[in-house]
Amino acid sequence: MDSVKQIKETDKAVLIFGAGTAGKFWFSALCKKFEIIGFIDNNPQKQKEEYLGLPVYSVENFKSIKANDIAVIICLGDMAEKANVITQMEQCGLKHNETLFDIKDFLKKIPDDEYLRMMYRIHMKKELNLDNPQTFNEKLQWLKLYDRKPEYTAMADKYEVRKFVAEKIGEEYLIPLLGVWDRFEDIDFNKLPNQFVLKCNHDSGSVVICKDKNTFDLEAAKTKLNNSLTQNYYYFAREWPYKNIKPRIIAEKYMVDESGVELKDYKMFCFNGEPKYIQVDFDRFIKHKRNIYDTEWNYIPVSVQYPTDPEKVINKPSKLGEMLSLARILSKNIPHVRVDFYHIENAPLILFAEFAFYNDAGFGKFGSLWDRKFGECIGRV
């Protein structure tokens, strides 16, 4: 019996270990699913007060109330602290994965549709309509569940996608690859140039940039990438294409655009093979902003997750027409996918960046009007 059914079917009440930010977040996620009767926390100050209107127990207090009909869910992020908490709770007589659950392990047991409804409620502050989705974000959640073509896995894999892109539009649109490894320890840094980019192929955000090997923090890079290699990115937002990707590390050539400091990408929102909107992110290292344009390069007054800046002059890419043509080829017969390109004016180069099937994981904040307009582009699902 899995942990979710086990708590439900035995009518176990739940205590959350961690009366802080993480505990609050998961309380809001789980309160409609289980009877949460309080928190446990090792901070004596927190034990003197209620949290979210519920009592906060010390481990010693818990020993006095522990019963077979109570389960404990641990909501801590720090691995060392979590290991200590598990030891404390096991000393109270709880059994790991029977009455004691790590929130990450616990959440993996929740079916995708239930998990998405729960996360949508938290992020969007409303219920998810999967029966008749109308908005862009709702339809992205629906596509996560019901549009699962095998080729999506390779398209989401930052290494395997290179073969896909080369076959569709040609190798000349790929950033030069410097290497691929299963483990960080296998990388021979002596064979890499002075500047390079390391990233994992199976997730988002695990990017390490080396601008000078003499000042490169090898240990920080090792910690970041090794941690990423242990994660299955699918579980964070149930983005199905990531589920079965074999984790690896790739190295690519370090590149900047005409700004000399960053490499702007042009994110093309494509619907059934037709690009409709283009997102440009800029000032990432100052104050991240994001502008949206139509395919004629008219500014669209909508803010998507980050602030927009109508005063910022972003020139129409000289090869916009070619990028749009390439996006049509790469997104053919897909209800929705975002096709991202880098464009370097002073080269001039067009380079493929990545595919993204679920913009902002389907939790993007950009107002009900534009949420519906983007959703209409997908059509009826």
# chains A, B, ... in the order shown; residues from 1 in each chain; ligands from 1

$ select_by_dssp --residues "stretch 128-318 of chain A" --states "helix (DSSP H, G or I)" --output "PyMOL selection string"
chain A and resi 136-146+151-156+161-168+171-173+184-186+189-191+218-229+234-237+240-242

$ residues_around --residues "stretch 362-371 of chain A" --least-positions-apart "5" --cutoff "7 Å" --atoms "only C-alpha atoms" --output "list in words"
Tyr120, His123, Met124, Thr135, Phe136, Asn137, Leu140, Gln141, Val302, Ser303, Val304 and Gln305 of chain A

$ write_last_selection --atoms "C-alpha atoms" --output "PDB file, in the first residue's frame"
ATOM      1  CA  TYR A 120      -2.304  24.677  -9.283  1.00  0.00           C
ATOM      2  CA  HIS A 123       0.418  28.716  -7.327  1.00  0.00           C
ATOM      3  CA  MET A 124      -2.652  30.101  -9.093  1.00  0.00           C
ATOM      4  CA  THR A 135      -6.744  29.167 -20.201  1.00  0.00           C
ATOM      5  CA  PHE A 136      -3.175  28.627 -21.389  1.00  0.00           C
ATOM      6  CA  ASN A 137      -2.050  27.433 -17.956  1.00  0.00           C
ATOM      7  CA  LEU A 140      -0.649  23.096 -20.253  1.00  0.00           C
ATOM      8  CA  GLN A 141      -1.646  21.005 -17.227  1.00  0.00           C
ATOM      9  CA  VAL A 302       1.740  41.676 -21.094  1.00  0.00           C
ATOM     10  CA  SER A 303       3.934  40.722 -18.158  1.00  0.00           C
ATOM     11  CA  VAL A 304       4.718  37.003 -17.881  1.00  0.00           C
ATOM     12  CA  GLN A 305       6.189  36.049 -14.487  1.00  0.00           C
TER      13      GLN A 305
END

$ residues_around --residues "stretch 254-267 of chain A" --least-positions-apart "5" --cutoff "7 Å" --atoms "only C-alpha atoms" --output "PyMOL selection string"
chain A and resi 195-197+278-282+338-346

$ residues_around --residues "A:Lys224" --least-positions-apart "6" --cutoff "10 Å" --atoms "only C-alpha atoms" --output "list in words"
Lys199, Cys200, Ser206, Val207 and Val208 of chain A

$ write_last_selection --atoms "N, CA and C atoms" --output "short mmCIF file (atom, residue, chain, number, x, y, z; two decimals), in the first residue's frame"
data_model
loop_
_atom_site.label_atom_id
_atom_site.label_comp_id
_atom_site.auth_asym_id
_atom_site.auth_seq_id
_atom_site.Cartn_x
_atom_site.Cartn_y
_atom_site.Cartn_z
N LYS A 199 26.26 21.96 -18.14
CA LYS A 199 24.86 21.87 -17.73
C LYS A 199 24.43 20.41 -17.73
N CYS A 200 23.40 20.12 -16.96
CA CYS A 200 22.80 18.79 -17.01
C CYS A 200 21.80 18.75 -18.15
N SER A 206 20.43 23.93 -14.08
CA SER A 206 21.72 23.40 -13.61
C SER A 206 22.83 23.82 -14.57
N VAL A 207 23.05 25.12 -14.68
CA VAL A 207 24.04 25.67 -15.61
C VAL A 207 25.21 26.24 -14.82
N VAL A 208 26.41 25.89 -15.23
CA VAL A 208 27.63 26.42 -14.63
C VAL A 208 28.45 27.05 -15.75
#

$ select_by_dssp --residues "stretch 99-339 of chain A" --states "strand (DSSP E or B)" --output "NGL selection string"
:A and (100-102 or 177-181 or 196-200 or 207-210 or 249-253 or 265-271 or 274-282 or 289-294 or 299-300 or 337-339)

$ write_last_selection --atoms "N, CA and C atoms" --output "CSV table (one decimal), in the first residue's frame"
chain,number,residue,atom,x,y,z
A,100,LEU,N,6.0,7.5,9.0
A,100,LEU,CA,7.0,8.6,8.9
A,100,LEU,C,7.3,8.8,7.4
A,101,PHE,N,7.1,10.0,6.9
A,101,PHE,CA,7.3,10.2,5.5
A,101,PHE,C,8.1,11.5,5.2
A,102,ASP,N,9.1,11.3,4.3
A,102,ASP,CA,9.9,12.5,3.8
A,102,ASP,C,8.9,13.1,2.7
A,177,LEU,N,29.4,21.3,-29.3
A,177,LEU,CA,29.5,20.4,-28.1
A,177,LEU,C,30.9,20.1,-27.8
A,178,LEU,N,31.3,20.2,-26.5
A,178,LEU,CA,32.7,20.0,-26.1
A,178,LEU,C,32.9,18.7,-25.4
A,179,GLY,N,31.7,18.0,-24.9
A,179,GLY,CA,31.9,16.8,-24.2
A,179,GLY,C,30.6,16.4,-23.6
A,180,VAL,N,30.5,15.1,-23.2
A,180,VAL,CA,29.3,14.6,-22.5
A,180,VAL,C,29.8,13.5,-21.5
A,181,TRP,N,29.3,13.5,-20.3
A,181,TRP,CA,29.8,12.6,-19.3
A,181,TRP,C,28.6,12.1,-18.4
A,196,PHE,N,33.9,27.9,-21.1
A,196,PHE,CA,32.9,26.8,-21.5
A,196,PHE,C,31.7,26.9,-20.6
A,197,VAL,N,30.6,26.1,-21.0
A,197,VAL,CA,29.4,26.1,-20.2
A,197,VAL,C,29.1,24.6,-19.9
A,198,LEU,N,28.9,24.3,-18.6
A,198,LEU,CA,28.5,23.0,-18.2
A,198,LEU,C,27.0,23.0,-17.8
A,199,LYS,N,26.3,22.0,-18.1
A,199,LYS,CA,24.9,21.9,-17.7
A,199,LYS,C,24.4,20.4,-17.7
A,200,CYS,N,23.4,20.1,-17.0
A,200,CYS,CA,22.8,18.8,-17.0
A,200,CYS,C,21.8,18.7,-18.2
A,207,VAL,N,23.0,25.1,-14.7
A,207,VAL,CA,24.0,25.7,-15.6
A,207,VAL,C,25.2,26.2,-14.8
A,208,VAL,N,26.4,25.9,-15.2
A,208,VAL,CA,27.6,26.4,-14.6
A,208,VAL,C,28.5,27.0,-15.8
A,209,ILE,N,28.8,28.3,-15.6
A,209,ILE,CA,29.5,29.1,-16.6
A,209,ILE,C,31.0,29.3,-16.2
A,210,CYS,N,31.9,28.9,-17.0
A,210,CYS,CA,33.3,29.1,-16.7
A,210,CYS,C,33.8,30.2,-17.7
A,249,ILE,N,26.0,15.1,-17.9
A,249,ILE,CA,26.5,16.4,-18.0
A,249,ILE,C,27.1,16.7,-19.4
A,250,ILE,N,26.7,17.9,-19.9
A,250,ILE,CA,27.3,18.2,-21.2
A,250,ILE,C,28.1,19.5,-21.1
A,251,ALA,N,29.1,19.7,-22.0
A,251,ALA,CA,29.8,20.9,-22.0
A,251,ALA,C,29.6,21.5,-23.4
A,252,GLU,N,29.3,22.8,-23.5
A,252,GLU,CA,29.1,23.5,-24.7
A,252,GLU,C,30.1,24.7,-24.8
A,253,LYS,N,30.3,25.2,-26.0
A,253,LYS,CA,31.1,26.4,-26.2
A,253,LYS,C,30.5,27.6,-25.5
A,265,ASP,N,18.0,35.0,-25.6
A,265,ASP,CA,17.3,34.0,-26.4
A,265,ASP,C,15.9,34.5,-26.8
A,266,TYR,N,15.5,34.0,-27.9
A,266,TYR,CA,14.2,34.3,-28.4
A,266,TYR,C,13.3,33.1,-28.4
A,267,LYS,N,12.3,33.2,-27.4
A,267,LYS,CA,11.5,32.0,-27.1
A,267,LYS,C,10.2,32.1,-27.9
A,268,MET,N,10.0,31.2,-28.8
A,268,MET,CA,8.9,31.3,-29.8
A,268,MET,C,7.8,30.3,-29.3
A,269,PHE,N,6.6,30.9,-29.0
A,269,PHE,CA,5.5,30.1,-28.6
A,269,PHE,C,4.8,29.6,-29.9
A,270,CYS,N,4.9,28.3,-30.1
A,270,CYS,CA,4.4,27.7,-31.3
A,270,CYS,C,3.1,26.8,-31.0
A,271,PHE,N,2.1,26.9,-31.9
A,271,PHE,CA,0.9,26.2,-31.7
A,271,PHE,C,0.6,25.4,-33.0
A,274,GLU,N,2.8,26.6,-35.7
A,274,GLU,CA,2.8,28.0,-36.1
A,274,GLU,C,3.2,28.9,-34.9
A,275,PRO,N,4.3,29.6,-35.1
A,275,PRO,CA,4.7,30.6,-34.0
A,275,PRO,C,3.7,31.8,-33.9
A,276,LYS,N,3.4,32.1,-32.7
A,276,LYS,CA,2.4,33.2,-32.5
A,276,LYS,C,3.0,34.4,-31.7
A,277,TYR,N,3.8,34.1,-30.7
A,277,TYR,CA,4.3,35.1,-29.8
A,277,TYR,C,5.8,34.8,-29.6
A,278,ILE,N,6.6,35.8,-29.3
A,278,ILE,CA,8.0,35.7,-29.1
A,278,ILE,C,8.4,36.4,-27.7
A,279,GLN,N,9.0,35.6,-26.9
A,279,GLN,CA,9.4,36.1,-25.6
A,279,GLN,C,10.9,36.4,-25.6
A,280,VAL,N,11.3,37.6,-25.1
A,280,VAL,CA,12.7,37.9,-25.0
A,280,VAL,C,13.1,38.2,-23.5
A,281,ASP,N,14.0,37.5,-22.9
A,281,ASP,CA,14.4,37.8,-21.6
A,281,ASP,C,15.7,38.6,-21.7
A,282,PHE,N,15.9,39.6,-20.8
A,282,PHE,CA,17.1,40.4,-20.8
A,282,PHE,C,17.4,40.9,-19.4
A,289,LYS,N,14.1,40.9,-16.7
A,289,LYS,CA,12.9,41.4,-17.3
A,289,LYS,C,12.5,40.5,-18.5
A,290,ARG,N,11.3,40.7,-19.0
A,290,ARG,CA,10.8,39.9,-20.1
A,290,ARG,C,9.8,40.6,-20.9
A,291,ASN,N,10.1,40.8,-22.2
A,291,ASN,CA,9.2,41.4,-23.1
A,291,ASN,C,8.6,40.4,-24.1
A,292,ILE,N,7.3,40.6,-24.5
A,292,ILE,CA,6.6,39.8,-25.5
A,292,ILE,C,6.3,40.5,-26.7
A,293,TYR,N,6.5,39.9,-27.9
A,293,TYR,CA,6.3,40.5,-29.2
A,293,TYR,C,5.5,39.5,-30.0
A,294,ASP,N,4.7,40.1,-31.0
A,294,ASP,CA,4.1,39.2,-32.0
A,294,ASP,C,5.1,38.9,-33.1
A,299,TYR,N,5.4,45.1,-30.0
A,299,TYR,CA,5.4,44.9,-28.5
A,299,TYR,C,4.0,44.5,-28.0
A,300,ILE,N,3.9,43.5,-27.2
A,300,ILE,CA,2.6,43.1,-26.6
A,300,ILE,C,2.7,43.5,-25.1
A,337,VAL,N,4.5,23.9,-28.1
A,337,VAL,CA,5.9,23.8,-27.6
A,337,VAL,C,6.5,25.2,-27.9
A,338,ARG,N,7.4,25.5,-26.9
A,338,ARG,CA,8.1,26.7,-27.1
A,338,ARG,C,9.5,26.4,-27.7
A,339,VAL,N,9.8,27.0,-28.8
A,339,VAL,CA,11.1,26.7,-29.5
A,339,VAL,C,12.0,27.9,-29.2

$ atom_distance --atom1 "atom CA of A:Ile70" --atom2 "atom CA of A:Ala19"
17.2 Å

$ closest_residue --among "A:Arg328, A:Arg121, A:Arg248, A:Arg372" --to "A:Glu160" --atoms "only C-alpha atoms"
A:Arg248

$ atom_distance --atom1 "atom CA of A:Ala22" --atom2 "atom CA of A:Ala83"
16.4 Å

$ residues_around --residues "A:Pro44" --least-positions-apart "6" --cutoff "12 Å" --atoms "only C-alpha atoms" --output "CSV table (one decimal) with C-alpha atoms, in the first residue's frame"
chain,number,residue,atom,x,y,z
A,19,ALA,CA,6.7,25.0,11.4
A,56,VAL,CA,3.3,23.2,17.6
A,57,TYR,CA,4.8,20.2,19.5
A,58,SER,CA,8.3,19.4,20.5
A,59,VAL,CA,9.6,15.9,19.9
A,60,GLU,CA,9.2,15.3,23.7
A,61,ASN,CA,5.6,16.4,23.5

$ atom_distance --atom1 "atom CA of A:Trp297" --atom2 "atom CA of A:Lys332"
22.1 Å

$ closest_residue --among "A:Asn315, A:Asn359, A:Ser28, A:Gln134" --to "A:Ser204" --atoms "only C-alpha atoms"
A:Asn359

$ residues_around --residues "A:Gln91" --least-positions-apart "3" --cutoff "12 Å" --atoms "only C-alpha atoms" --output "PDB file with C-alpha atoms, in the first residue's frame"
ATOM      1  CA  VAL A  59       9.610  15.891  19.941  1.00  0.00           C
ATOM      2  CA  GLU A  60       9.181  15.251  23.675  1.00  0.00           C
ATOM      3  CA  PHE A  62       4.989  14.174  20.559  1.00  0.00           C
ATOM      4  CA  LYS A  63       6.135  11.154  22.544  1.00  0.00           C
ATOM      5  CA  LYS A  66       1.969   9.489  19.724  1.00  0.00           C
ATOM      6  CA  ASN A  84      18.550  13.996  12.135  1.00  0.00           C
ATOM      7  CA  VAL A  85      14.769  14.455  12.228  1.00  0.00           C
ATOM      8  CA  ILE A  86      14.194  10.965  10.829  1.00  0.00           C
ATOM      9  CA  THR A  87      16.386   9.558  13.607  1.00  0.00           C
ATOM     10  CA  GLN A  88      14.431  11.490  16.242  1.00  0.00           C
ATOM     11  CA  LEU A  94       7.636   5.661  13.944  1.00  0.00           C
ATOM     12  CA  LYS A  95       8.628   3.570  10.954  1.00  0.00           C
ATOM     13  CA  HIS A  96      10.005   5.285   7.868  1.00  0.00           C
ATOM     14  CA  LEU A 100       6.951   8.641   8.895  1.00  0.00           C
TER      15      LEU A 100
END

$ decode --residues "stretch 82-125 of chain A" --atoms "N, CA and C atoms" --output "compact mmCIF listing (two decimals), in the first residue's frame"
# COMPACT_ATOMS: atom_id res chain seq x y z
N LYS A 82 17.32 16.82 7.87
CA LYS A 82 16.26 15.84 7.65
C LYS A 82 16.67 14.47 8.21
N ALA A 83 17.93 14.09 8.00
CA ALA A 83 18.42 12.80 8.52
C ALA A 83 18.32 12.77 10.04
N ASN A 84 18.64 13.91 10.68
CA ASN A 84 18.55 14.00 12.13
C ASN A 84 17.10 13.88 12.61
N VAL A 85 16.19 14.52 11.88
CA VAL A 85 14.77 14.45 12.23
C VAL A 85 14.25 13.03 12.10
N ILE A 86 14.63 12.35 11.03
CA ILE A 86 14.19 10.96 10.83
C ILE A 86 14.65 10.11 12.00
N THR A 87 15.88 10.31 12.45
CA THR A 87 16.39 9.56 13.61
C THR A 87 15.55 9.84 14.84
N GLN A 88 15.25 11.12 15.08
CA GLN A 88 14.43 11.49 16.24
C GLN A 88 13.06 10.81 16.20
N MET A 89 12.43 10.85 15.05
CA MET A 89 11.09 10.30 14.93
C MET A 89 11.09 8.76 15.03
N GLU A 90 12.13 8.14 14.49
CA GLU A 90 12.22 6.68 14.61
C GLU A 90 12.43 6.26 16.05
N GLN A 91 13.12 7.10 16.82
CA GLN A 91 13.29 6.82 18.25
C GLN A 91 11.98 6.94 19.01
N CYS A 92 11.01 7.65 18.40
CA CYS A 92 9.68 7.75 19.00
C CYS A 92 8.80 6.56 18.61
N GLY A 93 9.33 5.66 17.80
CA GLY A 93 8.57 4.47 17.43
C GLY A 93 7.96 4.50 16.05
N LEU A 94 8.18 5.59 15.30
CA LEU A 94 7.64 5.66 13.94
C LEU A 94 8.52 4.86 12.98
N LYS A 95 7.89 4.34 11.96
CA LYS A 95 8.63 3.57 10.95
C LYS A 95 8.63 4.35 9.64
N HIS A 96 9.84 4.53 9.10
CA HIS A 96 10.00 5.29 7.87
C HIS A 96 9.19 4.63 6.75
N ASN A 97 8.41 5.46 6.04
CA ASN A 97 7.55 5.03 4.94
C ASN A 97 6.36 4.18 5.40
N GLU A 98 6.11 4.17 6.70
CA GLU A 98 4.88 3.54 7.23
C GLU A 98 4.06 4.58 7.98
N THR A 99 4.69 5.24 8.94
CA THR A 99 4.01 6.34 9.63
C THR A 99 4.87 7.61 9.62
N LEU A 100 6.03 7.52 8.99
CA LEU A 100 6.95 8.64 8.90
C LEU A 100 7.34 8.82 7.42
N PHE A 101 7.13 10.04 6.89
CA PHE A 101 7.31 10.24 5.45
C PHE A 101 8.12 11.50 5.16
N ASP A 102 9.15 11.35 4.34
CA ASP A 102 9.85 12.49 3.76
C ASP A 102 8.92 13.08 2.70
N ILE A 103 8.72 14.41 2.72
CA ILE A 103 7.75 15.02 1.82
C ILE A 103 8.05 14.70 0.36
N LYS A 104 9.34 14.62 -0.03
CA LYS A 104 9.68 14.32 -1.42
C LYS A 104 9.24 12.91 -1.80
N ASP A 105 9.51 11.95 -0.92
CA ASP A 105 9.09 10.58 -1.20
C ASP A 105 7.57 10.46 -1.18
N PHE A 106 6.97 11.19 -0.25
CA PHE A 106 5.52 11.16 -0.11
C PHE A 106 4.83 11.69 -1.37
N LEU A 107 5.34 12.82 -1.89
CA LEU A 107 4.70 13.45 -3.05
C LEU A 107 4.81 12.60 -4.30
N LYS A 108 5.87 11.80 -4.40
CA LYS A 108 6.04 10.95 -5.58
C LYS A 108 4.91 9.93 -5.70
N LYS A 109 4.26 9.62 -4.59
CA LYS A 109 3.20 8.61 -4.60
C LYS A 109 1.85 9.20 -5.01
N ILE A 110 1.75 10.53 -5.05
CA ILE A 110 0.48 11.17 -5.40
C ILE A 110 0.30 11.11 -6.92
N PRO A 111 -0.83 10.62 -7.42
CA PRO A 111 -1.06 10.55 -8.87
C PRO A 111 -0.92 11.92 -9.52
N ASP A 112 -0.51 11.92 -10.78
CA ASP A 112 -0.22 13.17 -11.48
C ASP A 112 -1.38 14.15 -11.46
N ASP A 113 -2.60 13.67 -11.73
CA ASP A 113 -3.72 14.60 -11.79
C ASP A 113 -4.00 15.24 -10.44
N GLU A 114 -3.92 14.45 -9.36
CA GLU A 114 -4.13 15.00 -8.03
C GLU A 114 -3.04 15.99 -7.67
N TYR A 115 -1.80 15.65 -8.00
CA TYR A 115 -0.67 16.52 -7.69
C TYR A 115 -0.81 17.85 -8.42
N LEU A 116 -1.19 17.82 -9.69
CA LEU A 116 -1.32 19.05 -10.46
C LEU A 116 -2.46 19.92 -9.95
N ARG A 117 -3.55 19.29 -9.54
CA ARG A 117 -4.65 20.08 -8.96
C ARG A 117 -4.18 20.78 -7.69
N MET A 118 -3.41 20.05 -6.88
CA MET A 118 -2.90 20.59 -5.62
C MET A 118 -1.94 21.75 -5.87
N MET A 119 -0.99 21.57 -6.79
CA MET A 119 0.00 22.62 -7.05
C MET A 119 -0.63 23.82 -7.75
N TYR A 120 -1.61 23.58 -8.60
CA TYR A 120 -2.30 24.68 -9.28
C TYR A 120 -3.03 25.56 -8.26
N ARG A 121 -3.64 24.91 -7.29
CA ARG A 121 -4.35 25.65 -6.24
C ARG A 121 -3.39 26.55 -5.47
N ILE A 122 -2.18 26.04 -5.21
CA ILE A 122 -1.19 26.80 -4.46
C ILE A 122 -0.66 27.97 -5.28
N HIS A 123 -0.24 27.69 -6.51
CA HIS A 123 0.42 28.72 -7.33
C HIS A 123 -0.56 29.72 -7.93
N MET A 124 -1.73 29.24 -8.36
CA MET A 124 -2.65 30.10 -9.09
C MET A 124 -3.81 30.61 -8.25
N LYS A 125 -3.93 30.10 -7.04
CA LYS A 125 -4.97 30.53 -6.09
C LYS A 125 -6.38 30.24 -6.60
